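> Quick one, run_8.cif (mmCIF, C-alpha atoms and all ligand atoms):
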data_model
#
loop_
_atom_site.label_atom_id
_atom_site.label_comp_id
_atom_site.auth_asym_id
_atom_site.auth_seq_id
_atom_site.Cartn_x
_atom_site.Cartn_y
_atom_site.Cartn_z
CA MET A 2 188.48 -17.95 215.81
CA PRO A 3 190.21 -14.97 217.44
CA THR A 4 187.73 -12.44 218.81
CA GLN A 5 187.62 -8.66 218.52
CA ALA A 6 188.26 -6.97 221.85
CA LYS A 7 187.65 -3.39 222.93
CA GLY A 8 189.77 -1.65 225.51
CA TRP A 9 191.60 1.50 226.54
CA GLY A 10 195.33 1.88 226.18
CA THR A 11 198.09 4.27 225.29
CA GLU A 12 200.36 4.74 222.26
CA ALA A 13 203.24 6.47 224.03
CA ALA A 14 204.49 7.50 227.49
CA ASP A 15 203.27 11.06 227.04
CA GLN A 16 199.87 10.17 225.57
CA PRO A 17 196.59 9.73 227.44
CA LEU A 18 194.74 6.42 227.29
CA ARG A 19 192.14 6.17 224.51
CA PRO A 20 189.76 3.52 223.11
CA MET A 21 191.39 0.77 221.03
CA THR A 22 190.33 -2.46 219.36
CA PHE A 23 192.53 -5.54 219.01
CA GLU A 24 192.27 -9.33 218.73
CA ARG A 25 192.14 -11.83 221.58
CA ARG A 26 193.50 -15.27 220.64
CA ASP A 27 191.39 -18.29 219.91
CA LEU A 28 191.13 -20.57 222.96
CA ARG A 29 193.96 -23.03 223.47
CA PRO A 30 193.00 -26.32 225.20
CA ASP A 31 193.95 -24.92 228.64
CA ASP A 32 192.51 -21.44 228.16
CA VAL A 33 189.59 -19.68 229.82
CA ALA A 34 187.72 -16.77 228.18
CA ILE A 35 186.43 -14.16 230.62
CA GLN A 36 183.95 -11.30 230.15
CA ILE A 37 185.41 -8.60 232.38
CA THR A 38 183.04 -6.84 234.78
CA TYR A 39 185.51 -4.84 236.90
CA ALA A 40 189.18 -3.87 236.63
CA GLY A 41 191.20 -2.15 239.36
CA ILE A 42 193.73 0.60 238.70
CA CYS A 43 197.13 -0.10 240.26
CA HIS A 44 199.96 2.42 240.48
CA SER A 45 201.97 -0.13 238.44
CA ASP A 46 199.54 0.47 235.53
CA LEU A 47 200.53 4.12 235.62
CA HIS A 48 204.27 3.29 235.95
CA THR A 49 203.95 1.08 232.84
CA ALA A 50 201.75 3.39 230.74
CA ARG A 51 204.21 6.25 231.40
CA ASN A 52 207.26 3.97 230.87
CA ASP A 53 208.64 4.77 234.35
CA TRP A 54 210.55 1.46 234.33
CA GLY A 55 211.54 1.53 230.63
CA GLY A 56 210.59 -1.43 228.44
CA THR A 57 206.95 -0.57 227.85
CA ILE A 58 205.83 -1.83 224.44
CA TYR A 59 203.18 0.36 222.82
CA PRO A 60 200.30 0.26 222.31
CA ASN A 61 199.99 -0.66 225.98
CA ILE A 62 196.69 -1.73 227.55
CA PRO A 63 197.15 -1.97 231.34
CA GLY A 64 195.08 -3.65 234.04
CA HIS A 65 196.05 -6.56 236.33
CA GLU A 66 193.22 -6.57 238.84
CA ILE A 67 190.53 -8.34 236.86
CA VAL A 68 187.15 -9.83 237.77
CA GLY A 69 184.63 -11.33 235.40
CA ARG A 70 182.52 -14.28 234.26
CA VAL A 71 183.76 -17.29 232.33
CA THR A 72 182.22 -17.31 228.85
CA ALA A 73 184.10 -20.24 227.30
CA ILE A 74 186.69 -22.86 228.24
CA GLY A 75 189.25 -24.86 226.26
CA ASP A 76 188.86 -28.63 225.80
CA GLU A 77 191.20 -29.55 228.67
CA VAL A 78 189.94 -27.11 231.29
CA THR A 79 188.40 -28.80 234.33
CA ARG A 80 188.86 -26.23 237.13
CA HIS A 81 186.50 -23.61 235.72
CA ARG A 82 183.05 -23.67 234.16
CA VAL A 83 181.11 -21.30 231.94
CA GLY A 84 179.29 -18.82 234.18
CA ASP A 85 181.79 -18.97 237.07
CA LEU A 86 182.85 -15.69 238.71
CA VAL A 87 186.64 -15.61 238.43
CA ALA A 88 189.59 -13.28 238.79
CA VAL A 89 193.00 -12.69 237.22
CA GLY A 90 195.95 -10.88 238.78
CA CYS A 91 199.40 -9.86 237.58
CA MET A 92 200.39 -13.10 235.80
CA VAL A 93 198.79 -15.06 232.96
CA ASP A 94 201.36 -17.80 232.28
CA SER A 95 204.67 -19.40 233.30
CA CYS A 96 206.55 -22.62 232.49
CA MET A 97 204.75 -24.58 235.23
CA SER A 98 207.59 -27.10 235.42
CA CYS A 99 210.52 -25.38 237.19
CA ASP A 100 211.15 -25.55 240.94
CA GLN A 101 209.55 -22.15 241.52
CA CYS A 102 206.36 -22.89 239.58
CA LEU A 103 206.04 -26.32 241.17
CA SER A 104 206.27 -24.80 244.63
CA GLY A 105 203.60 -22.20 243.95
CA TRP A 106 205.96 -19.29 243.26
CA GLU A 107 205.08 -18.81 239.59
CA VAL A 108 206.08 -15.16 240.00
CA PHE A 109 209.71 -16.37 240.05
CA CYS A 110 209.39 -18.88 237.19
CA ARG A 111 212.91 -19.72 235.93
CA GLU A 112 211.75 -18.98 232.39
CA GLY A 113 210.03 -15.77 233.47
CA MET A 114 206.36 -15.39 234.28
CA VAL A 115 204.18 -13.72 231.67
CA GLY A 116 202.72 -10.46 232.92
CA THR A 117 199.03 -9.80 232.35
CA TYR A 118 200.02 -6.80 230.24
CA ASN A 119 203.27 -5.86 228.51
CA GLY A 120 204.28 -9.54 228.74
CA VAL A 121 205.36 -11.78 225.87
CA ASP A 122 203.07 -14.74 225.18
CA ARG A 123 205.03 -18.00 225.52
CA HIS A 124 203.45 -19.54 222.41
CA ASP A 125 203.00 -16.87 219.76
CA GLY A 126 205.26 -14.04 221.00
CA SER A 127 202.41 -11.52 221.02
CA ILE A 128 202.32 -8.77 223.67
CA THR A 129 199.77 -9.36 226.41
CA LYS A 130 197.01 -6.81 226.95
CA GLY A 131 195.48 -6.27 230.35
CA GLY A 132 192.17 -5.73 232.04
CA TYR A 133 191.05 -2.33 230.76
CA THR A 134 189.16 -4.37 228.17
CA ASP A 135 185.83 -6.11 227.64
CA HIS A 136 187.25 -9.64 227.69
CA VAL A 137 190.45 -11.59 228.21
CA VAL A 138 191.78 -15.09 227.47
CA VAL A 139 193.98 -16.63 230.20
CA ARG A 140 195.61 -20.01 230.89
CA ASP A 141 193.43 -21.87 233.43
CA HIS A 142 196.06 -22.15 236.20
CA PHE A 143 196.25 -18.36 236.41
CA VAL A 144 192.48 -17.91 236.79
CA LEU A 145 191.42 -17.62 240.44
CA LYS A 146 188.07 -18.67 241.82
CA VAL A 147 186.03 -15.90 243.43
CA PRO A 148 184.33 -17.53 246.43
CA ASP A 149 180.53 -17.54 246.41
CA GLY A 150 178.86 -14.52 247.93
CA MET A 151 181.74 -12.06 247.50
CA ASP A 152 180.89 -8.47 246.58
CA GLU A 153 181.93 -8.58 242.92
CA ALA A 154 182.50 -4.83 242.62
CA ARG A 155 185.12 -4.85 245.36
CA VAL A 156 187.08 -8.01 244.57
CA ALA A 157 189.36 -6.73 241.79
CA PRO A 158 191.95 -4.85 243.92
CA LEU A 159 192.59 -8.00 245.95
CA LEU A 160 194.29 -9.47 242.87
CA CYS A 161 197.27 -7.11 243.14
CA ALA A 162 196.99 -4.76 246.13
CA GLY A 163 195.61 -7.63 248.23
CA ILE A 164 198.12 -10.35 247.40
CA THR A 165 201.12 -7.99 247.32
CA THR A 166 200.46 -7.02 250.92
CA TYR A 167 199.21 -10.41 252.13
CA SER A 168 202.23 -12.32 250.84
CA PRO A 169 204.90 -10.50 252.90
CA LEU A 170 202.72 -10.63 256.00
CA ARG A 171 202.55 -14.42 255.59
CA GLN A 172 206.23 -14.80 254.68
CA TYR A 173 207.28 -13.07 257.90
CA ASN A 174 204.61 -14.57 260.16
CA VAL A 175 202.89 -11.33 261.02
CA GLY A 176 200.15 -12.09 263.51
CA PRO A 177 199.09 -11.69 267.13
CA GLY A 178 201.85 -9.95 269.06
CA THR A 179 203.50 -8.43 265.97
CA LYS A 180 203.98 -4.68 266.10
CA MET A 181 203.75 -3.74 262.44
CA ALA A 182 203.61 -0.49 260.51
CA VAL A 183 202.47 0.30 256.99
CA ILE A 184 204.03 3.23 255.13
CA GLY A 185 201.78 4.96 252.58
CA LEU A 186 198.00 4.86 252.74
CA GLY A 187 197.18 4.16 249.09
CA GLY A 188 195.89 1.12 247.24
CA LEU A 189 198.44 -1.31 248.67
CA GLY A 190 198.80 0.39 252.03
CA HIS A 191 195.13 0.31 252.90
CA MET A 192 195.02 -3.43 252.19
CA GLY A 193 198.15 -3.86 254.31
CA VAL A 194 196.33 -2.20 257.22
CA LYS A 195 193.19 -4.32 256.79
CA LEU A 196 195.05 -7.61 256.34
CA GLY A 197 197.52 -6.91 259.14
CA ALA A 198 194.67 -6.15 261.54
CA ALA A 199 192.76 -9.24 260.38
CA LEU A 200 195.83 -11.39 261.07
CA GLY A 201 195.87 -10.04 264.62
CA ALA A 202 198.85 -7.68 264.46
CA HIS A 203 199.04 -4.30 266.16
CA VAL A 204 199.02 -1.97 263.14
CA THR A 205 200.39 1.56 262.92
CA MET A 206 199.85 3.70 259.82
CA ILE A 207 202.78 5.90 258.76
CA THR A 208 201.52 8.59 256.41
CA THR A 209 202.63 11.86 254.85
CA THR A 210 199.01 13.03 254.80
CA PRO A 211 197.72 14.01 258.26
CA SER A 212 194.12 14.06 257.02
CA LYS A 213 194.29 10.30 256.33
CA GLY A 214 194.76 9.50 260.01
CA GLU A 215 191.08 9.12 260.74
CA ASP A 216 190.62 6.88 257.68
CA ALA A 217 193.55 4.73 258.77
CA ARG A 218 191.91 4.09 262.12
CA ALA A 219 188.59 3.31 260.45
CA LEU A 220 190.40 0.77 258.25
CA GLY A 221 191.78 -0.98 261.32
CA ALA A 222 194.98 0.85 262.28
CA HIS A 223 195.52 1.11 266.03
CA ASP A 224 197.88 4.06 265.78
CA VAL A 225 198.98 6.71 263.27
CA ILE A 226 202.33 8.46 262.73
CA VAL A 227 202.72 11.44 260.43
CA SER A 228 206.15 10.86 258.89
CA THR A 229 206.83 14.55 258.24
CA ASP A 230 206.60 15.21 261.99
CA ALA A 231 210.13 14.66 263.37
CA VAL A 232 208.88 14.53 266.95
CA GLN A 233 206.45 11.68 266.19
CA MET A 234 209.12 9.80 264.25
CA GLU A 235 211.65 10.19 267.05
CA ALA A 236 209.14 8.96 269.62
CA ALA A 237 208.54 5.80 267.54
CA ALA A 238 212.23 4.77 267.34
CA THR A 239 212.73 0.94 267.63
CA ARG A 240 208.99 0.43 268.07
CA PHE A 241 208.24 -2.04 265.24
CA ASP A 242 208.92 -5.68 264.38
CA PHE A 243 207.82 -5.33 260.79
CA ILE A 244 207.32 -2.43 258.37
CA LEU A 245 205.57 -2.74 255.02
CA ASN A 246 206.82 0.08 252.78
CA THR A 247 204.49 0.93 249.85
CA ILE A 248 205.96 4.30 248.80
CA PRO A 249 205.72 4.49 244.98
CA VAL A 250 208.67 6.86 244.39
CA SER A 251 212.40 6.68 245.14
CA HIS A 252 213.02 7.74 248.74
CA GLU A 253 215.48 7.69 251.65
CA ILE A 254 214.79 4.85 254.08
CA ASP A 255 217.05 5.75 257.03
CA GLY A 256 214.33 7.60 258.91
CA TYR A 257 212.02 4.60 258.61
CA LEU A 258 214.73 2.02 259.42
CA GLN A 259 215.22 3.64 262.80
CA LEU A 260 211.66 2.70 263.67
CA LEU A 261 212.57 -1.02 263.56
CA GLY A 262 213.37 -2.74 266.83
CA ARG A 263 215.63 -5.77 267.39
CA SER A 264 215.70 -8.10 264.37
CA GLY A 265 212.98 -5.99 262.79
CA ARG A 266 212.40 -6.18 259.07
CA MET A 267 211.27 -3.68 256.47
CA VAL A 268 209.76 -5.11 253.29
CA ILE A 269 209.70 -2.75 250.33
CA VAL A 270 206.89 -3.43 247.86
CA GLY A 271 206.98 -0.10 246.00
CA ALA A 272 208.29 -1.02 242.56
CA LEU A 273 211.26 1.32 242.24
CA LEU A 274 214.21 0.93 239.90
CA GLN A 275 216.66 2.93 241.98
CA MET A 276 216.80 3.77 245.66
CA PRO A 277 219.30 6.08 247.37
CA GLY A 278 221.84 4.44 249.68
CA PHE A 279 221.30 4.17 253.42
CA VAL A 280 223.45 4.23 256.54
CA GLY A 281 224.83 0.72 257.10
CA ALA A 282 224.86 1.17 260.85
CA ASN A 283 221.07 1.39 260.71
CA LEU A 284 221.07 -2.31 259.82
CA ILE A 285 223.91 -3.48 262.05
CA PHE A 286 222.54 -1.93 265.21
CA TRP A 287 219.35 -3.64 266.28
CA ASN A 288 220.03 -6.49 263.78
CA ARG A 289 217.64 -4.98 261.25
CA ALA A 290 216.91 -6.32 257.77
CA VAL A 291 215.50 -4.75 254.65
CA GLY A 292 214.02 -6.77 251.80
CA GLY A 293 211.44 -6.78 249.07
CA SER A 294 208.47 -8.81 247.92
CA ALA A 295 206.85 -9.32 244.52
CA ILE A 296 203.10 -9.95 244.37
CA GLY A 297 202.66 -13.60 245.46
CA GLY A 298 202.06 -17.03 243.93
CA ILE A 299 198.78 -18.41 242.62
CA PRO A 300 198.06 -20.78 245.57
CA GLU A 301 198.75 -17.93 248.02
CA THR A 302 196.47 -15.64 246.00
CA GLN A 303 193.63 -18.15 246.25
CA GLU A 304 194.32 -18.48 250.01
CA MET A 305 194.07 -14.68 250.35
CA LEU A 306 190.80 -14.54 248.36
CA ASP A 307 189.30 -17.30 250.48
CA LEU A 308 190.36 -15.51 253.69
CA CYS A 309 188.90 -12.20 252.47
CA ALA A 310 185.63 -13.93 251.60
CA LYS A 311 185.46 -15.63 255.00
CA GLU A 312 186.37 -12.54 257.02
CA GLY A 313 184.58 -9.99 254.80
CA ILE A 314 187.80 -8.11 254.00
CA TYR A 315 187.38 -5.78 251.03
CA PRO A 316 189.25 -2.80 249.63
CA GLU A 317 187.68 0.64 249.72
CA VAL A 318 186.88 1.37 246.09
CA GLU A 319 185.80 4.31 243.98
CA LEU A 320 183.95 2.95 240.96
CA ILE A 321 184.57 4.86 237.75
CA ALA A 322 183.66 4.61 234.07
CA MET A 323 186.39 3.69 231.60
CA ASP A 324 186.47 7.20 230.14
CA GLU A 325 187.45 8.53 233.58
CA VAL A 326 190.70 6.54 233.57
CA ASN A 327 192.97 9.45 232.56
CA ASP A 328 191.54 11.60 235.32
CA ALA A 329 192.04 8.69 237.75
CA TYR A 330 195.74 8.53 236.77
CA GLU A 331 196.16 12.24 237.51
CA ARG A 332 194.44 11.80 240.85
CA LEU A 333 196.73 8.85 241.65
CA LEU A 334 199.72 11.09 241.01
CA ARG A 335 198.22 13.80 243.23
CA ASN A 336 197.77 11.23 246.02
CA ASP A 337 194.01 11.72 245.74
CA VAL A 338 192.58 8.19 245.82
CA ARG A 339 190.62 6.64 248.68
CA TYR A 340 191.73 3.96 248.21
CA ARG A 341 191.49 2.12 244.88
CA PHE A 342 189.88 3.11 241.60
CA VAL A 343 187.92 0.30 239.96
CA ILE A 344 186.61 0.53 236.41
CA ASP A 345 183.01 -0.66 236.15
CA MET A 346 182.68 -2.11 232.65
CA ALA A 347 178.87 -1.88 232.82
CA ARG A 348 179.29 1.91 232.52
CA GLY A 349 180.51 1.44 228.96
CA LEU A 350 183.83 1.05 227.18
P1 LIG B 1 199.19 4.53 245.52
O1 LIG B 1 197.76 4.10 245.59
O2 LIG B 1 199.56 5.69 244.70
O3 LIG B 1 199.68 4.71 247.05
C1 LIG B 1 200.97 5.06 247.41
C2 LIG B 1 200.94 5.85 248.74
O4 LIG B 1 202.29 6.14 249.12
C3 LIG B 1 200.26 7.19 248.65
O5 LIG B 1 198.87 7.11 248.86
C4 LIG B 1 200.94 7.99 249.76
O6 LIG B 1 200.34 7.68 251.03
C5 LIG B 1 202.35 7.41 249.79
N1 LIG B 1 203.29 8.29 249.11
C6 LIG B 1 203.19 8.77 247.83
N2 LIG B 1 204.26 9.53 247.54
C7 LIG B 1 205.05 9.50 248.64
C8 LIG B 1 206.31 10.10 248.97
N3 LIG B 1 206.96 10.86 248.07
N4 LIG B 1 206.85 9.86 250.20
C9 LIG B 1 206.20 9.09 251.11
N5 LIG B 1 205.01 8.53 250.86
C10 LIG B 1 204.44 8.72 249.64
O7 LIG B 1 200.10 3.32 244.95
P2 LIG B 1 199.84 1.72 245.04
O8 LIG B 1 198.98 1.28 243.91
O9 LIG B 1 199.50 1.39 246.44
O10 LIG B 1 201.31 1.18 244.69
C11 LIG B 1 202.39 1.44 245.55
C12 LIG B 1 203.68 0.98 244.91
O11 LIG B 1 203.70 -0.46 244.90
C13 LIG B 1 203.85 1.38 243.44
O12 LIG B 1 205.23 1.66 243.21
C14 LIG B 1 203.44 0.12 242.68
O13 LIG B 1 204.00 0.05 241.39
C15 LIG B 1 204.03 -0.92 243.59
N6 LIG B 1 203.52 -2.28 243.45
C16 LIG B 1 204.39 -3.28 243.68
C17 LIG B 1 203.97 -4.58 243.61
C18 LIG B 1 204.91 -5.68 243.94
O14 LIG B 1 204.71 -6.81 243.49
N7 LIG B 1 205.93 -5.43 244.74
C19 LIG B 1 202.65 -4.88 243.27
C20 LIG B 1 201.77 -3.81 243.06
C21 LIG B 1 202.21 -2.52 243.16
P3 LIG B 1 200.26 8.75 252.24
O15 LIG B 1 199.41 9.87 251.74
O16 LIG B 1 199.64 7.96 253.32
O17 LIG B 1 201.67 9.18 252.57
ZN ZN B 2 199.46 -3.89 240.66
#
Would you kindly transcribe this structure into structure tokens?


Amino acid sequence: MPTQAKGWGTEAADQPLRPMTFERRDLRPDDVAIQITYAGICHSDLHTARNDWGGTIYPNIPGHEIVGRVTAIGDEVTRHRVGDLVAVGCMVDSCMSCDQCLSGWEVFCREGMVGTYNGVDRHDGSITKGGYTDHVVVRDHFVLKVPDGMDEARVAPLLCAGITTYSPLRQYNVGPGTKMAVIGLGGLGHMGVKLGAALGAHVTMITTTPSKGEDARALGAHDVIVSTDAVQMEAAATRFDFILNTIPVSHEIDGYLQLLGRSGRMVIVGALLQMPGFVGANLIFWNRAVGGSAIGGIPETQEMLDLCAKEGIYPEVELIAMDEVNDAYERLLRNDVRYRFVIDMARGL
């Protein structure tokens, strides 16, 4: 039997989120039902709720940083048991038979991965609804195990902010000896600092907000550059091997490219439809490269969770009640989050 779910979502790009009820599907043989305890708020939730990228289907219920307890499993599920603490990130399904899925890159499934919200279910064509809800039903492969002993209230942001920053660091072998910088001290950026430092890199925070400098150092940054200070930017020319760019709005990258040294690479993770052009010579000289990165695959996400459990790496979170979500969105837009909002479902829906 389908179950009644409660959540918060929005009816249109210019409407606030409000309480909603809807149905969650009956369990398929490979499904896991999860009672959600915490859900993180990602800037992508805001982009989607406000239709920044186009294509949002309303009503939209965001949330792709989900933690909770398994309440039921389908007949064929063997990896998870009722009572387990589990987590769900940005994907809930994919074909699981193409080259990308088989190599652990479900995010690039040839048939398209199914997003945790605003995605189209592969079986019944319904629109997926995310984590700002009391429970969720997800295909077993896309349910991560939360290692024993983790601080449940602080796990959720690892499922998007954590993996989206961990994956590029792994792809480009960031580690001891790497001089890396992170641009933007928000949800993703603060995880980039923590993970980069944990992997042994020398980490510099590049921020527009001078008052975040002290925080950046407390999070593990060895150095801080205020990007609006031309003198500091000039002094850092060609200093870095790797730059993780988390800026959430369209922006010029030339000033940042000049900070890359020989064969340095900038990875853009801010999810922007359009970017202004840049000066080609900024790539040719110093053999620089610019690229992007989309979340990460499921095996890599589990690897990241296991590392965070082992090393005690957690996001800095501000726990809120569900009815504070609209205020949290406004604060996100004002750059006033230190450093991830997490909805605590125990405070009521
Ligand atoms: P966030 O918490 O709002 O943080 C973004 C940070 O960027 C801000 O705290 C601010 O840091 C800096 N910033 C904001 N406006 C800026 C501007 N105009 N110029 C320069 N810096 C600016 O956002 P988030 O949740 O970390 O998400 C960041 C971006 O990543 C979003 O676009 C999100 O959709 C995207 N994303 C992508 C993926 C992926 O798979 N690639 C996954 C998740 C999220 P300072 O105050 O330090 O300057
Ligand atoms: Zn996200």

> With ligand LIG 1 (chain B) as the partner and 7 Å as the cut-off, tabulate the residues of chain A that qualify, each row holding the nearest pair of atoms and their distance in Å to one decimal, using all atoms listed in the file, sorted by chain and rising number, as a tab-separated table.


residue	atom	partner	partner_atom	distance
A:Cys43	CA	B:LIG1	O8	4.3
A:His44	CA	B:LIG1	O8	3.7
A:Ser45	CA	B:LIG1	O13	3.6
A:His48	CA	B:LIG1	O13	6.3
A:Cys161	CA	B:LIG1	C20	5.6
A:Ala162	CA	B:LIG1	C20	5.8
A:Thr165	CA	B:LIG1	C19	5.3
A:Ile184	CA	B:LIG1	O16	6.7
A:Gly185	CA	B:LIG1	O6	3.4
A:Leu186	CA	B:LIG1	O16	3.6
A:Gly187	CA	B:LIG1	O3	3.3
A:Gly188	CA	B:LIG1	O9	3.7
A:Leu189	CA	B:LIG1	O9	3.7
A:Gly190	CA	B:LIG1	O9	5.7
A:Ile207	CA	B:LIG1	O16	6.6
A:Thr208	CA	B:LIG1	O16	3.7
A:Thr209	CA	B:LIG1	O17	3.6
A:Thr210	CA	B:LIG1	O15	4.4
A:Lys213	CA	B:LIG1	O16	6.6
A:Thr247	CA	B:LIG1	C11	4.8
A:Ile248	CA	B:LIG1	O4	4.1
A:Pro249	CA	B:LIG1	O12	3.4
A:Val250	CA	B:LIG1	N3	5.7
A:His252	CA	B:LIG1	N4	6.7
A:Val270	CA	B:LIG1	N7	3.8
A:Gly271	CA	B:LIG1	O11	3.5
A:Ala272	CA	B:LIG1	O12	4.1
A:Leu273	CA	B:LIG1	O12	6.1
A:Ser294	CA	B:LIG1	N7	5.3
A:Ala295	CA	B:LIG1	O14	3.5
A:Ile296	CA	B:LIG1	O14	3.6
A:Leu333	CA	B:LIG1	O2	5.2
A:Leu334	CA	B:LIG1	O2	6.5
A:Asn336	CA	B:LIG1	O5	5.1
A:Val338	CA	B:LIG1	O1	6.6
A:Tyr340	CA	B:LIG1	O1	6.6
A:Arg341	CA	B:LIG1	O1	6.6

> For ligand ZN 2 (chain B), which residue out of A:Thr205, A:Ser95, A:Thr117, A:Thr179 is the nearest one, using all atoms listed in the file?

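Counting all atoms listed in the file, the residue closest to ligand ZN 2 (chain B) is A:Thr117.
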
> Take the point (194.4, 8.1, 262.7) in the file's coordinates, draw a sphere of radius 12 Å around it, and report as number ranges by chain every protein, DNA or RNA residue with an atom inside or on it, counting only C-alpha atoms.

A: 186, 194, 204-227

> Of the candidates A:Val268, A:Val147, A:Val93, A:Ala322, which one gets nearest to His81 of chain A if we count all atoms listed in the file?

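Nearest candidate to His81 of chain A out of A:Val268, A:Val147, A:Val93, A:Ala322: A:Val147.
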
> Would you compute the distance between atom CA of Gly105 of chain A and atom CA of Trp54 of chain A? Give it in Å to one decimal.

26.5 Å

> What does the distance between atom CA of Asp337 of chain A and atom CA of Glu153 of chain A come to in Å, to one decimal place?

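Distance reported for this atom pair: 23.8 Å.
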
> Counting only C-alpha atoms and all ligand atoms, figure out which residue out of A:Pro60, A:Gly265, A:Pro158, A:Pro300 gets nearest to ligand ZN 2 (chain B).

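Closest to ligand ZN 2 (chain B), using only C-alpha atoms and all ligand atoms: A:Pro158.
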
> Given all atoms listed in the file as the basis, pick out the residue of A:Tyr118, A:Gly278, A:Asp32, A:Gly8 nearest to ligand ZN 2 (chain B).

A:Tyr118

> For ligand ZN 2 (chain B), which residue among A:Thr302, A:Met181, A:Ala34, A:Glu66 is the nearest when counting only C-alpha atoms and all ligand atoms?

A:Glu66

> Out of A:His65, A:His142, A:Arg51, A:Lys130, which residue has the shortest atom-to-atom distance to ligand ZN 2 (chain B) when counting all atoms listed in the file?

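Among the listed residues, the smallest separation from ligand ZN 2 (chain B) belongs to A:His65.
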
> Just give me the gap between atom CA of Asp242 of chain A and atom CA of Glu301 of chain A in Å, one decimal is fine.

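Value for the atom CA of Asp242 of chain A-atom CA of Glu301 of chain A distance: 22.8 Å.
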
> Enumerate, as a PyMOL selection string, the protein, DNA and RNA residues whose atoms approach (185.2, -21.3, 226.2) to within 12 Å, taking into account all atoms listed in the file and the coordinate frame of the file.

chain A and resi 2-4+26-36+70-79+81-85+136-141

> Please identify all polymer residues within 8 Å of Phe279 of chain A, counting only C-alpha atoms, omitting same-chain residues fewer than 6 positions from it, and present them as a ChimeraX atom specification.

/A:253-255

> Which residues, written as a ChimeraX atom specification, have at least one atom at most 7 Å from Tyr133 of chain A, with all atoms listed in the file counted and residues fewer than 4 positions away on the same chain left out?

/A:8-9,40,62-64

> Taking all atoms of segment 135-150 of chain A that appear in the file, build a box with edges along x, y and z, extend it by 5 Å on every side, and state its centre and edge lengths in Å to one decimal, as JSON.


{"center_x": 187.6, "center_y": -14.1, "center_z": 237.7, "size_x": 27.4, "size_y": 26.0, "size_z": 30.5}

> Can you pull out every residue within 12 Å of Glu304 of chain A, counting all atoms listed in the file, but drop anything in the same chain fewer than 3 positions away, and send it as a VMD selection string?

chain A and resid 105 145 to 148 159 to 160 163 to 164 167 to 168 171 297 to 301 307 to 311

> Residues at most 7 Å from segment 314-316 of chain A, counting all atoms listed in the file, excluding those fewer than 6 positions away in the same chain, as a PyMOL selection string?

chain A and resi 155-156+158+192

> Filtering to C-alpha atoms, could segment 154-167 of chain A of the supplied structure be written out as a PDB file, in the first residue's frame?


ATOM      1  CA  ALA A 154      22.732  15.213  13.355  1.00  0.00           C
ATOM      2  CA  ARG A 155      25.800  16.181  11.342  1.00  0.00           C
ATOM      3  CA  VAL A 156      25.908  13.466   8.682  1.00  0.00           C
ATOM      4  CA  ALA A 157      23.321  14.807   6.221  1.00  0.00           C
ATOM      5  CA  PRO A 158      25.443  17.513   4.499  1.00  0.00           C
ATOM      6  CA  LEU A 159      28.083  14.918   3.640  1.00  0.00           C
ATOM      7  CA  LEU A 160      25.620  13.432   1.140  1.00  0.00           C
ATOM      8  CA  CYS A 161      25.901  16.410  -1.210  1.00  0.00           C
ATOM      9  CA  ALA A 162      28.334  19.046   0.080  1.00  0.00           C
ATOM     10  CA  GLY A 163      30.692  16.283   1.238  1.00  0.00           C
ATOM     11  CA  ILE A 164      30.764  14.106  -1.866  1.00  0.00           C
ATOM     12  CA  THR A 165      30.710  17.042  -4.309  1.00  0.00           C
ATOM     13  CA  THR A 166      33.924  18.359  -2.807  1.00  0.00           C
ATOM     14  CA  TYR A 167      35.531  14.986  -2.042  1.00  0.00           C
TER      15      TYR A 167
END
